[in-house]
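Q: Here you go, this is work.csv (CSV, C-alpha atoms and all ligand atoms).
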chain,number,residue,atom,x,y,z
U,442,MET,CA,93.4,116.2,58.2
U,443,SER,CA,94.3,115.9,61.9
U,444,GLU,CA,97.8,115.0,60.9
U,445,ASN,CA,98.4,118.6,59.8
U,446,TRP,CA,97.0,120.3,62.9
U,447,LYS,CA,99.5,122.1,65.1
U,448,TYR,CA,99.9,120.3,68.4
U,449,SER,CA,101.4,121.5,71.7
U,450,HIS,CA,105.1,120.6,72.5
U,451,ARG,CA,103.7,118.6,75.4
U,452,ALA,CA,101.4,116.5,73.1
U,453,VAL,CA,104.2,115.9,70.6
U,454,ALA,CA,106.7,114.9,73.3
U,455,MET,CA,104.5,112.4,75.0
U,456,LYS,CA,105.3,108.8,74.0
U,457,SER,CA,102.7,106.1,74.3
U,458,ASN,CA,102.7,104.2,77.6
U,459,VAL,CA,104.5,100.9,77.2
U,460,ILE,CA,102.3,99.2,79.8
U,461,ARG,CA,99.1,100.2,78.0
U,462,GLU,CA,100.5,98.8,74.7
U,463,ILE,CA,101.5,95.6,76.3
U,464,LEU,CA,98.2,95.2,78.0
U,465,LYS,CA,96.6,95.3,74.6
U,466,ILE,CA,98.8,92.3,73.5
U,467,THR,CA,98.1,90.4,76.6
U,468,LYS,CA,94.3,90.6,76.1
U,469,LYS,CA,94.8,88.0,73.4
U,470,PRO,CA,93.2,84.7,74.4
U,471,GLY,CA,95.4,82.2,76.1
U,472,VAL,CA,98.2,84.7,77.1
U,473,ILE,CA,99.3,84.4,80.7
U,474,SER,CA,100.1,87.9,81.8
U,475,PHE,CA,102.5,88.9,84.5
U,476,GLY,CA,102.4,92.3,82.9
U,477,GLY,CA,99.7,94.6,84.3
U,478,GLY,CA,99.3,95.7,87.9
U,479,LEU,CA,95.7,94.6,88.3
U,480,PRO,CA,94.0,93.4,91.5
U,481,ALA,CA,92.5,89.8,91.3
U,482,PRO,CA,89.1,90.5,89.8
U,483,GLU,CA,87.5,87.4,91.3
U,484,LEU,CA,88.1,89.0,94.8
U,485,PHE,CA,86.2,92.2,94.1
U,486,PRO,CA,83.5,92.6,96.8
U,487,ALA,CA,80.8,93.1,94.2
U,488,GLU,CA,77.9,92.1,96.3
U,489,GLN,CA,78.8,94.5,99.1
U,490,LEU,CA,79.4,97.2,96.6
U,491,LEU,CA,76.0,96.5,95.0
U,492,GLU,CA,74.4,97.0,98.5
U,493,ALA,CA,76.3,100.2,98.9
U,494,CYS,CA,75.2,101.5,95.5
U,495,LYS,CA,71.5,100.7,96.3
U,496,LYS,CA,71.7,102.4,99.7
U,497,VAL,CA,73.3,105.5,98.1
U,498,LEU,CA,70.7,105.8,95.4
U,499,ARG,CA,67.8,105.1,97.7
U,500,GLU,CA,68.8,107.4,100.5
U,501,GLN,CA,70.8,110.2,98.9
U,502,PRO,CA,70.2,110.4,95.1
U,503,GLU,CA,70.0,114.2,95.3
U,504,ASN,CA,73.6,114.5,96.6
U,505,ALA,CA,75.2,111.4,95.1
U,506,LEU,CA,74.2,112.4,91.6
U,507,GLN,CA,74.9,116.1,92.0
U,508,TYR,CA,78.0,118.2,91.4
U,509,GLY,CA,80.2,118.2,94.5
U,510,THR,CA,83.0,120.2,96.0
U,511,THR,CA,86.5,120.0,94.6
U,512,GLU,CA,88.0,118.9,97.9
U,513,GLY,CA,85.7,115.9,98.0
U,514,TYR,CA,82.8,114.5,99.9
U,515,PRO,CA,83.3,115.7,103.5
U,516,PRO,CA,82.2,112.5,105.3
U,517,LEU,CA,84.6,110.4,103.1
U,518,ARG,CA,87.5,112.8,103.9
U,519,GLU,CA,86.8,112.4,107.6
U,520,LEU,CA,86.7,108.7,107.3
U,521,ILE,CA,90.0,108.6,105.4
U,522,ALA,CA,91.6,110.9,107.9
U,523,GLY,CA,90.5,108.5,110.7
U,524,ARG,CA,91.9,105.5,108.9
U,525,MET,CA,95.2,107.3,108.2
U,526,ASN,CA,95.5,108.4,111.8
U,527,ASN,CA,94.9,104.7,112.8
U,528,ILE,CA,97.8,103.6,110.8
U,529,GLY,CA,100.0,106.2,112.2
U,530,VAL,CA,99.8,108.9,109.6
U,531,PRO,CA,98.8,112.2,111.2
U,532,CYS,CA,96.4,114.2,109.1
U,533,HIS,CA,93.3,116.4,109.4
U,534,PRO,CA,90.2,116.0,107.1
U,535,ASP,CA,90.9,119.5,105.8
U,536,GLU,CA,94.3,118.3,104.4
U,537,ILE,CA,92.7,115.6,102.3
U,538,LEU,CA,91.8,116.2,98.6
U,539,ILE,CA,89.9,113.4,96.9
U,540,THR,CA,91.3,112.6,93.5
U,541,SER,CA,90.4,110.5,90.5
U,542,GLY,CA,93.0,107.8,91.2
U,543,SER,CA,96.5,108.7,92.6
U,544,GLN,CA,97.4,109.1,89.0
U,545,GLN,CA,95.4,112.4,89.0
U,546,GLY,CA,97.2,113.3,92.2
U,547,LEU,CA,100.5,112.9,90.4
U,548,ASP,CA,99.3,115.1,87.6
U,549,VAL,CA,98.1,117.8,89.9
U,550,LEU,CA,101.4,117.8,91.8
U,551,GLY,CA,103.2,118.0,88.4
U,552,ARG,CA,101.2,121.1,87.6
U,553,VAL,CA,101.6,122.7,91.0
U,554,PHE,CA,105.3,122.2,91.3
U,555,LEU,CA,106.9,121.8,87.8
U,556,ASP,CA,108.0,124.2,85.1
U,557,THR,CA,109.9,123.2,82.0
U,558,ASP,CA,113.4,122.1,83.1
U,559,SER,CA,112.5,122.0,86.8
U,560,THR,CA,114.2,119.0,88.4
U,561,VAL,CA,112.6,116.0,90.2
U,562,LEU,CA,114.7,113.6,92.2
U,563,LEU,CA,113.6,110.0,92.1
U,564,SER,CA,114.9,106.4,92.2
U,565,LYS,CA,115.7,104.2,89.3
U,566,PRO,CA,113.7,102.2,88.7
U,567,THR,CA,110.5,104.0,89.7
U,568,TYR,CA,106.8,104.0,88.9
U,569,LEU,CA,106.3,104.5,85.2
U,570,GLY,CA,103.0,106.4,85.7
U,571,ALA,CA,104.7,109.1,87.7
U,572,ILE,CA,107.3,109.6,85.0
U,573,GLN,CA,104.5,109.9,82.5
U,574,ALA,CA,102.5,112.4,84.6
U,575,PHE,CA,105.5,114.6,85.3
U,576,ASN,CA,106.8,114.4,81.6
U,577,ALA,CA,103.8,116.5,80.5
U,578,TYR,CA,105.5,119.4,82.4
U,579,GLY,CA,108.9,119.0,80.9
U,580,PRO,CA,111.1,118.4,83.9
U,581,ARG,CA,114.6,117.0,84.1
U,582,TYR,CA,115.2,114.0,86.3
U,583,LEU,CA,117.9,113.5,88.9
U,584,THR,CA,118.2,109.7,89.6
U,585,LEU,CA,119.7,107.6,92.4
U,586,PRO,CA,120.2,103.9,91.9
U,587,SER,CA,118.4,101.2,94.0
U,588,ASP,CA,119.8,98.3,96.0
U,589,ASP,CA,117.9,95.7,98.0
U,590,ASP,CA,116.7,98.5,100.3
U,591,GLY,CA,115.3,100.7,97.6
U,592,MET,CA,116.7,104.1,96.6
U,593,THR,CA,120.3,104.6,97.8
U,594,VAL,CA,121.2,107.9,99.3
U,595,ASP,CA,124.9,108.2,98.5
U,596,GLY,CA,125.4,111.4,96.6
U,597,MET,CA,121.9,112.6,97.4
U,598,GLU,CA,123.0,115.7,99.2
U,599,GLU,CA,125.2,116.8,96.3
U,600,LEU,CA,122.4,116.2,93.8
U,601,ILE,CA,120.1,118.4,95.9
U,602,ARG,CA,122.6,121.1,96.6
U,603,GLU,CA,123.7,121.4,93.0
U,604,ASN,CA,120.2,121.1,91.3
U,605,SER,CA,117.7,122.4,93.8
U,606,PRO,CA,115.0,119.9,92.9
U,607,ARG,CA,111.3,121.0,93.1
U,608,LEU,CA,110.3,117.6,94.3
U,609,ILE,CA,111.6,114.3,95.7
U,610,TYR,CA,109.3,111.5,94.4
U,611,LEU,CA,109.3,108.1,96.2
U,612,VAL,CA,107.3,104.9,96.5
U,613,PRO,CA,108.9,104.0,99.8
U,614,THR,CA,107.0,100.8,100.6
U,615,PHE,CA,106.7,97.7,98.3
U,616,GLN,CA,107.6,99.9,95.4
U,617,ASN,CA,106.1,99.5,91.9
U,618,PRO,CA,108.0,98.1,90.0
U,619,ASP,CA,110.5,96.2,92.2
U,620,GLY,CA,108.6,95.5,95.5
U,621,ARG,CA,111.5,97.0,97.5
U,622,THR,CA,110.9,98.9,100.8
U,623,ILE,CA,113.2,101.7,102.1
U,624,PRO,CA,114.2,101.0,105.7
U,625,MET,CA,113.9,103.5,108.6
U,626,SER,CA,117.6,104.4,108.6
U,627,ARG,CA,117.5,105.5,105.0
U,628,ARG,CA,114.1,107.2,105.5
U,629,LYS,CA,115.7,109.4,108.2
U,630,VAL,CA,118.5,110.4,105.9
U,631,ILE,CA,116.0,111.4,103.1
U,632,ILE,CA,113.8,113.4,105.6
U,633,ASP,CA,116.8,115.2,107.0
U,634,LEU,CA,118.0,116.2,103.6
U,635,ALA,CA,114.5,117.3,102.4
U,636,ALA,CA,114.1,119.4,105.6
U,637,LYS,CA,117.6,120.9,105.3
U,638,TYR,CA,117.1,122.0,101.7
U,639,GLY,CA,113.4,122.6,101.9
U,640,VAL,CA,112.4,120.2,99.2
U,641,PRO,CA,108.9,118.7,99.3
U,642,ILE,CA,108.6,114.9,99.3
U,643,ILE,CA,105.8,113.0,97.5
U,644,GLU,CA,105.2,109.8,99.3
U,645,ASP,CA,103.3,107.7,96.8
U,646,ASP,CA,101.8,104.9,98.9
U,647,PRO,CA,99.4,102.5,97.3
U,648,TYR,CA,100.8,99.4,98.8
U,649,SER,CA,101.8,99.8,102.5
U,650,GLU,CA,98.4,98.3,103.6
U,651,LEU,CA,99.1,95.2,101.5
U,652,SER,CA,101.9,93.9,103.8
U,653,PHE,CA,102.0,90.1,104.0
U,654,ASP,CA,103.5,89.5,107.4
U,655,SER,CA,106.0,92.1,108.3
U,656,GLU,CA,105.6,95.5,110.0
U,657,VAL,CA,106.1,98.2,107.6
U,658,PRO,CA,108.5,101.1,108.5
U,659,ASP,CA,106.9,104.4,109.5
U,660,HIS,CA,105.4,106.6,106.8
U,661,LEU,CA,107.5,109.5,105.7
U,662,ARG,CA,104.4,111.6,106.4
U,663,LYS,CA,104.4,110.4,110.0
U,664,MET,CA,108.1,111.4,110.4
U,665,PHE,CA,107.8,114.8,108.7
U,666,PRO,CA,104.1,115.9,108.3
U,667,GLU,CA,104.9,119.4,107.3
U,668,GLY,CA,107.2,118.4,104.5
U,669,VAL,CA,105.5,115.4,102.9
U,670,ILE,CA,102.6,115.1,100.5
U,671,LEU,CA,101.1,111.6,100.7
U,672,LEU,CA,99.1,109.9,97.9
U,673,GLY,CA,96.8,107.0,99.0
U,674,THR,CA,94.4,105.1,96.8
U,675,PHE,CA,91.5,102.6,97.0
U,676,SER,CA,92.6,101.1,93.6
U,677,LYS,CA,94.7,98.3,95.0
U,678,LEU,CA,92.8,98.0,98.4
U,679,LEU,CA,89.4,97.8,96.8
U,680,ALA,CA,88.8,98.4,93.1
U,681,PRO,CA,90.6,100.6,90.6
U,682,GLY,CA,87.5,101.1,88.4
U,683,LEU,CA,86.0,103.3,91.1
U,684,ARG,CA,88.9,105.7,90.6
U,685,ILE,CA,88.9,107.1,94.2
U,686,ALA,CA,92.1,108.1,95.8
U,687,TRP,CA,93.3,110.9,98.2
U,688,LEU,CA,96.1,113.4,98.4
U,689,ILE,CA,97.2,114.7,101.8
U,690,ALA,CA,99.0,118.0,101.6
U,691,PRO,CA,99.9,120.4,104.4
U,692,LYS,CA,97.3,123.0,105.1
U,693,GLY,CA,97.9,126.4,103.5
U,694,LEU,CA,99.5,127.2,100.1
U,695,ALA,CA,100.3,123.6,99.1
U,696,TYR,CA,96.8,122.3,99.7
U,697,ASP,CA,95.1,125.3,98.2
U,698,ARG,CA,97.2,125.2,95.1
U,699,CYS,CA,96.4,121.5,94.6
U,700,VAL,CA,92.7,122.2,94.9
U,701,ARG,CA,92.8,125.1,92.5
U,702,LEU,CA,94.7,123.1,89.8
U,703,LYS,CA,92.5,120.1,90.1
U,704,GLN,CA,89.4,122.3,89.8
U,705,GLY,CA,90.4,123.4,86.3
U,706,SER,CA,90.8,119.9,85.2
U,707,ASP,CA,87.6,118.1,86.4
U,708,LEU,CA,85.8,120.3,89.0
U,709,HIS,CA,85.7,117.4,91.3
U,710,THR,CA,86.0,113.6,91.5
U,711,ASN,CA,83.0,111.4,90.7
U,712,THR,CA,80.5,112.1,93.5
U,713,PHE,CA,78.6,108.8,93.1
U,714,ALA,CA,81.8,106.7,93.5
U,715,GLN,CA,82.8,108.8,96.6
U,716,HIS,CA,79.4,108.1,98.2
U,717,VAL,CA,79.6,104.4,97.3
U,718,ILE,CA,83.0,104.0,98.8
U,719,TYR,CA,81.9,105.9,101.9
U,720,GLN,CA,79.0,103.5,102.4
U,721,PHE,CA,81.2,100.5,101.9
U,722,LEU,CA,83.8,101.8,104.4
U,723,LYS,CA,81.2,102.5,107.0
U,724,THR,CA,80.2,98.9,107.2
U,725,GLY,CA,83.8,98.0,108.1
U,726,ALA,CA,83.9,95.6,105.2
U,727,LEU,CA,87.3,96.9,103.9
U,728,ASP,CA,89.3,95.3,106.8
U,729,SER,CA,88.0,91.8,106.1
U,730,HIS,CA,88.5,92.4,102.4
U,731,LEU,CA,92.1,93.4,103.0
U,732,GLU,CA,92.7,90.4,105.1
U,733,LYS,CA,91.4,88.2,102.3
U,734,ILE,CA,93.4,89.8,99.5
U,735,ARG,CA,96.6,89.9,101.5
U,736,LYS,CA,96.4,86.1,102.0
U,737,VAL,CA,95.7,85.4,98.4
U,738,TYR,CA,98.5,87.7,97.1
U,739,ALA,CA,101.0,86.3,99.7
U,740,ARG,CA,100.2,82.7,98.5
U,741,ARG,CA,100.6,83.7,94.9
U,742,LYS,CA,103.9,85.5,95.6
U,743,ASP,CA,105.2,82.5,97.6
U,744,LEU,CA,104.3,80.1,94.8
U,745,MET,CA,105.9,82.3,92.2
U,746,VAL,CA,109.1,82.6,94.2
U,747,LYS,CA,109.3,78.9,94.8
U,748,LEU,CA,108.9,78.1,91.1
U,749,MET,CA,111.4,80.7,90.2
U,750,ARG,CA,113.9,79.2,92.5
U,751,GLU,CA,113.3,75.7,91.0
U,752,HIS,CA,113.2,76.7,87.3
U,753,PHE,CA,115.1,79.9,86.6
U,754,PRO,CA,118.6,79.3,85.2
U,755,GLU,CA,121.7,80.3,87.1
U,756,GLY,CA,122.5,84.0,86.8
U,757,VAL,CA,118.9,85.2,87.1
U,758,SER,CA,118.1,87.0,90.4
U,759,PHE,CA,114.8,88.4,91.7
U,760,THR,CA,113.4,90.3,94.7
U,761,GLU,CA,111.1,88.6,97.2
U,762,PRO,CA,108.8,91.3,98.5
U,763,ASP,CA,106.8,91.1,101.7
U,764,GLY,CA,103.9,93.0,100.3
U,765,GLY,CA,102.5,94.8,97.3
U,766,LEU,CA,101.8,93.4,93.8
U,767,PHE,CA,105.2,93.1,92.1
U,768,LEU,CA,108.6,91.5,92.0
U,769,TRP,CA,111.6,92.4,89.9
U,770,VAL,CA,113.8,90.0,87.9
U,771,THR,CA,117.4,90.8,86.9
U,772,LEU,CA,118.9,88.8,84.1
U,773,PRO,CA,122.6,88.6,82.9
U,774,GLU,CA,123.6,91.8,81.1
U,775,LYS,CA,123.5,90.2,77.6
U,776,ILE,CA,119.8,89.7,77.7
U,777,ASN,CA,117.6,92.6,76.6
U,778,THR,CA,114.1,92.1,77.9
U,779,THR,CA,112.4,94.5,75.4
U,780,GLU,CA,113.8,92.4,72.5
U,781,LEU,CA,112.8,89.2,74.3
U,782,LEU,CA,109.2,90.3,74.7
U,783,PRO,CA,107.9,89.2,71.3
U,784,LYS,CA,109.3,85.7,71.9
U,785,ALA,CA,107.6,85.7,75.3
U,786,VAL,CA,104.3,86.6,73.7
U,787,ASP,CA,104.8,83.9,71.0
U,788,ARG,CA,104.9,81.5,74.0
U,789,LYS,CA,101.7,83.2,75.3
U,790,ILE,CA,103.4,84.9,78.3
U,791,ALA,CA,103.8,88.6,79.1
U,792,TYR,CA,105.8,90.8,81.4
U,793,ILE,CA,106.8,94.5,81.5
U,794,PRO,CA,110.4,95.2,80.4
U,795,GLY,CA,112.2,97.0,83.2
U,796,SER,CA,113.6,99.8,81.1
U,797,ALA,CA,110.1,101.3,81.1
U,798,PHE,CA,110.7,102.2,84.7
U,799,TYR,CA,113.9,104.2,84.0
U,800,THR,CA,114.0,107.8,83.0
U,801,ASP,CA,117.5,107.4,81.5
U,802,GLY,CA,117.3,104.2,79.5
U,803,GLY,CA,118.9,101.8,82.0
U,804,GLY,CA,117.5,98.4,83.2
U,805,GLN,CA,117.5,96.6,79.8
U,806,ASN,CA,118.2,93.3,81.5
U,807,THR,CA,115.3,93.6,84.0
U,808,MET,CA,111.6,93.0,84.1
U,809,ARG,CA,108.6,93.5,86.4
U,810,LEU,CA,106.3,90.6,87.2
U,811,ASN,CA,102.9,90.9,88.8
U,812,TYR,CA,101.5,88.2,91.1
U,813,SER,CA,98.1,89.6,92.1
U,814,LYS,CA,96.2,89.0,88.9
U,815,PRO,CA,97.4,85.6,87.6
U,816,THR,CA,95.8,82.6,89.3
U,817,GLU,CA,97.9,79.8,91.0
U,818,GLU,CA,97.2,77.7,87.9
U,819,GLU,CA,98.5,80.4,85.6
U,820,ILE,CA,101.6,80.9,87.8
U,821,LYS,CA,102.3,77.1,87.7
U,822,ILE,CA,102.2,77.1,83.9
U,823,GLY,CA,103.7,80.6,83.3
U,824,ILE,CA,106.9,80.6,85.4
U,825,PRO,CA,108.3,77.4,83.9
U,826,ARG,CA,107.5,78.8,80.4
U,827,LEU,CA,109.4,82.0,81.3
U,828,ALA,CA,112.3,79.9,82.6
U,829,GLU,CA,112.5,78.0,79.3
U,830,LEU,CA,112.6,81.3,77.5
U,831,PHE,CA,115.4,82.6,79.7
U,832,ALA,CA,117.4,79.3,79.2
U,833,GLU,CA,117.0,79.5,75.4
U,834,ALA,CA,118.1,83.2,75.3
U,835,LEU,CA,121.1,82.6,77.6
U,836,ASN,CA,122.3,79.7,75.4
U,837,ALA,CA,121.8,81.6,72.1
Q,901,LIG,C1,103.1,103.7,92.7
Q,901,LIG,C2,101.8,104.0,92.1
Q,901,LIG,N1,101.3,105.2,92.1
Q,901,LIG,C3,100.1,105.5,91.6
Q,901,LIG,C4,99.4,104.5,90.9
Q,901,LIG,C5,98.1,104.9,90.3
Q,901,LIG,O1,97.0,104.4,91.0
Q,901,LIG,P1,95.5,104.9,90.8
Q,901,LIG,O2,94.8,103.7,90.3
Q,901,LIG,O3,95.1,105.3,92.2
Q,901,LIG,O4,95.5,106.0,89.9
Q,901,LIG,C6,99.9,103.2,90.8
Q,901,LIG,C7,99.1,102.2,90.1
Q,901,LIG,O5,99.6,101.1,89.7
Q,901,LIG,C8,101.1,102.9,91.4
Q,901,LIG,O6,101.7,101.7,91.4
Any chance you could put this one into structure tokens?
A:
Amino acid sequence: MSENWKYSHRAVAMKSNVIREILKITKKPGVISFGGGLPAPELFPAEQLLEACKKVLREQPENALQYGTTEGYPPLRELIAGRMNNIGVPCHPDEILITSGSQQGLDVLGRVFLDTDSTVLLSKPTYLGAIQAFNAYGPRYLTLPSDDDGMTVDGMEELIRENSPRLIYLVPTFQNPDGRTIPMSRRKVIIDLAAKYGVPIIEDDPYSELSFDSEVPDHLRKMFPEGVILLGTFSKLLAPGLRIAWLIAPKGLAYDRCVRLKQGSDLHTNTFAQHVIYQFLKTGALDSHLEKIRKVYARRKDLMVKLMREHFPEGVSFTEPDGGLFLWVTLPEKINTTELLPKAVDRKIAYIPGSAFYTDGGGQNTMRLNYSKPTEEEIKIGIPRLAELFAEALNA
């Protein structure tokens, strides 16, 4: 019956998310997955969160279980503003909107800025979830290729001048999917062009606080607060299941429109989770947790890179990020990583084919690997297996 119902153009046009489909396969027992973007579950600070939950329910059940304001729980917004100012991102609590994950922030921004055929400028590759969120609003994409320093800027001015994009979308630091970081010199060019042509920048920033040893470049929001909307999230810093993130938009129209369009979708973000995160943050426990996960992820990344150097056949290259959760592998042109995936799964190993992160069908010979979720044991078994698969495909 439901096959005959009339659906919206938007629903018909939406393809399923490759990542979700692959995650289903990788749940099979015995599969070593480099596919998802999940934090290491054994490191979740469950005991401390349990204490936070108890405190919230004992002391404030009447607020924590009640409807809340769309903007978010005020003490949490204040605390986040304080943290952001500490890491050099100027913002006022009134510019913060608490969202249900940054994914909701992307959807809200799509609704606020995009009409059918509006243009969005982004890098290739870029975060698949952003493409998915924006696709619902029917935009066209203007893409710039990446090199070792992330999105290149040659030709950016012409693209902007000729197409007047509504948005520039960037993950400037330890980008999902490739782990690349845009350096200061390029950030300045991007900001200058955004300012010259009056195009808002979305700075999607889940990973800058997961830096292993290097200083990260200044946030775009620090360089140009009135022109940048920043998305931050507790998903990778703490626990994605809580679904608590924040959007920082300049006060006035931009902020008000985001609030209004979020309101129509869910009234507000989960009040209980906001209270729990607030209690957790107040204890100062996030800093020690971050120190711990940075160390573990850095070790896993180092091990992965070492094994890749030892085992990967000639002609296979990869990025070596200084933070975040992902690295990016490029194979010789003749290999198609989407076609290779079933063979990988036969060998009980999984990755995300790189083409998922392109809006225009490029990247067939690339893949994203995650190093936060697999254990060192799994990395030791999985990387040589992947290397064997590459060797076999290259010799075929
Ligand atoms: C670049 C980027 N933006 C947004 C998100 C969504 O995160 P959240 O769990 O906060 O919705 C992710 C998650 O992987 C991401 O990598």
Q: Find the residues with any atom within 10 Å of (119.1, 88.4, 71.8); use only C-alpha atoms and the coordinates as given in the file, and write the answer as an MDAnalysis selection string.
A: chainID U and resid 775:781 833:837
Q: Rank nothing, just name the residue among U:Leu810, U:Ala726, U:Ala714, U:Leu678 nearest to Thr760 in chain U, using only C-alpha atoms.
A: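 Residue with the minimum atom-to-atom distance to Thr760 in chain U: U:Leu810.
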Q: Can you tell me which residues surround range 528-541 of chain U at a distance of at most 8 Å, considering only C-alpha atoms, apart from same-chain residues fewer than 6 positions away, and format the answer as a list in words?
A: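 Listing them by chain and then by number gives Thr511, Glu512, Gly513, Tyr514, Pro515, Arg518, Glu519, Ile521, Ala522, Asp659, His660, Arg662, Lys663, Pro666, Arg684, Ile685, Ala686, Trp687, Leu688, Ile689, Ala690, Pro691, Lys692, Tyr696, Val700, His709, Thr710 and Asn711 of chain U.
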Q: Using all atoms listed in the file, determine which residues fall within 10 Å of ligand LIG 901 (chain Q), then list them as a PyMOL selection string.
A: chain U and resi 477-480+540-547+567-571+611-618+644-648+672-678+680-687+765-767
Q: Using only C-alpha atoms, determine which residues lie at most 12 Å from Pro502 in chain U, disregarding the query and same-chain residues fewer than 6 positions distant; provide the list as a list in words.
A: Cys494, Lys495, Lys496, Tyr508, Thr712, Phe713, His716 and Val717 of chain U
Q: Could you tell me how far CA of Phe759 in chain U lies from CA of Asp589 in chain U, in Å and to one decimal?
A: 10.1 Å
Q: U:Lys742, U:Ala785, U:Thr560, U:Gly639: which is nearest Asn811 in chain U, counting all atoms listed in the file?
A: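 Of U:Lys742, U:Ala785, U:Thr560, U:Gly639, the one nearest Asn811 in chain U is U:Lys742, counting all atoms listed in the file.
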Q: I'd like to know which of U:Leu490, U:Met455, U:Ile793, U:Leu744 is closest to Ile822 in chain U, using only C-alpha atoms.
A: U:Leu744
Q: May I have the protein, DNA and RNA residues with an atom at most 12 Å from (104.8, 93.2, 108.8), counting all atoms listed in the file in the file's coordinates, returned as a list of chain:residue names?
A: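 Final list of nearby residues, as requested, is U:Thr614, U:Phe615, U:Thr622, U:Ser649, U:Glu650, U:Leu651, U:Ser652, U:Phe653, U:Asp654, U:Ser655, U:Glu656, U:Val657, U:Pro658, U:Asp659, U:Arg735, U:Pro762, U:Asp763, U:Gly764, U:Gly765.
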Q: Would you put the residues from that selection into a file with C-alpha atoms, as a PDB file, in the frame of the given file?
A:
ATOM      1  CA  THR U 614     107.000 100.800 100.600  1.00  0.00           C
ATOM      2  CA  PHE U 615     106.700  97.700  98.300  1.00  0.00           C
ATOM      3  CA  THR U 622     110.900  98.900 100.800  1.00  0.00           C
ATOM      4  CA  SER U 649     101.800  99.800 102.500  1.00  0.00           C
ATOM      5  CA  GLU U 650      98.400  98.300 103.600  1.00  0.00           C
ATOM      6  CA  LEU U 651      99.100  95.200 101.500  1.00  0.00           C
ATOM      7  CA  SER U 652     101.900  93.900 103.800  1.00  0.00           C
ATOM      8  CA  PHE U 653     102.000  90.100 104.000  1.00  0.00           C
ATOM      9  CA  ASP U 654     103.500  89.500 107.400  1.00  0.00           C
ATOM     10  CA  SER U 655     106.000  92.100 108.300  1.00  0.00           C
ATOM     11  CA  GLU U 656     105.600  95.500 110.000  1.00  0.00           C
ATOM     12  CA  VAL U 657     106.100  98.200 107.600  1.00  0.00           C
ATOM     13  CA  PRO U 658     108.500 101.100 108.500  1.00  0.00           C
ATOM     14  CA  ASP U 659     106.900 104.400 109.500  1.00  0.00           C
ATOM     15  CA  ARG U 735      96.600  89.900 101.500  1.00  0.00           C
ATOM     16  CA  PRO U 762     108.800  91.300  98.500  1.00  0.00           C
ATOM     17  CA  ASP U 763     106.800  91.100 101.700  1.00  0.00           C
ATOM     18  CA  GLY U 764     103.900  93.000 100.300  1.00  0.00           C
ATOM     19  CA  GLY U 765     102.500  94.800  97.300  1.00  0.00           C
TER      20      GLY U 765
END
Q: Measure the distance from CA of Leu768 in chain U to CA of Asp619 in chain U in Å and round it to one decimal.
A: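 Separating CA of Leu768 in chain U from CA of Asp619 in chain U is a distance of 5.1 Å.
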Q: Within 10 Å of Pro566 in chain U, counting only C-alpha atoms, which residues show up once you throw out same-chain ones fewer than 6 positions away? Write them as a PyMOL selection string, please.
A: chain U and resi 584-587+591-592+616-619+795-801+803-804+807
Q: For range 575-583 of chain U, list every protein, DNA or RNA residue within 7 Å, evaluated using all atoms listed in the file, and leave out those in the same chain fewer than 2 positions away; present the list as a ChimeraX atom specification.
A: /U:451,455,548,551-552,555-563,571-573
Q: Put those residues in a file: C-alpha atoms, as a PDB file, in the frame of the given file.
A:
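Result went into selection_30.pdb, see below:
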ATOM      1  CA  ARG U 451     103.700 118.600  75.400  1.00  0.00           C
ATOM      2  CA  MET U 455     104.500 112.400  75.000  1.00  0.00           C
ATOM      3  CA  ASP U 548      99.300 115.100  87.600  1.00  0.00           C
ATOM      4  CA  GLY U 551     103.200 118.000  88.400  1.00  0.00           C
ATOM      5  CA  ARG U 552     101.200 121.100  87.600  1.00  0.00           C
ATOM      6  CA  LEU U 555     106.900 121.800  87.800  1.00  0.00           C
ATOM      7  CA  ASP U 556     108.000 124.200  85.100  1.00  0.00           C
ATOM      8  CA  THR U 557     109.900 123.200  82.000  1.00  0.00           C
ATOM      9  CA  ASP U 558     113.400 122.100  83.100  1.00  0.00           C
ATOM     10  CA  SER U 559     112.500 122.000  86.800  1.00  0.00           C
ATOM     11  CA  THR U 560     114.200 119.000  88.400  1.00  0.00           C
ATOM     12  CA  VAL U 561     112.600 116.000  90.200  1.00  0.00           C
ATOM     13  CA  LEU U 562     114.700 113.600  92.200  1.00  0.00           C
ATOM     14  CA  LEU U 563     113.600 110.000  92.100  1.00  0.00           C
ATOM     15  CA  ALA U 571     104.700 109.100  87.700  1.00  0.00           C
ATOM     16  CA  ILE U 572     107.300 109.600  85.000  1.00  0.00           C
ATOM     17  CA  GLN U 573     104.500 109.900  82.500  1.00  0.00           C
TER      18      GLN U 573
END
Q: By how many Å are CA of Leu520 in chain U and CA of Ile642 in chain U apart?
A: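 Interatomic distance, CA of Leu520 in chain U to CA of Ile642 in chain U: 24.1 Å.
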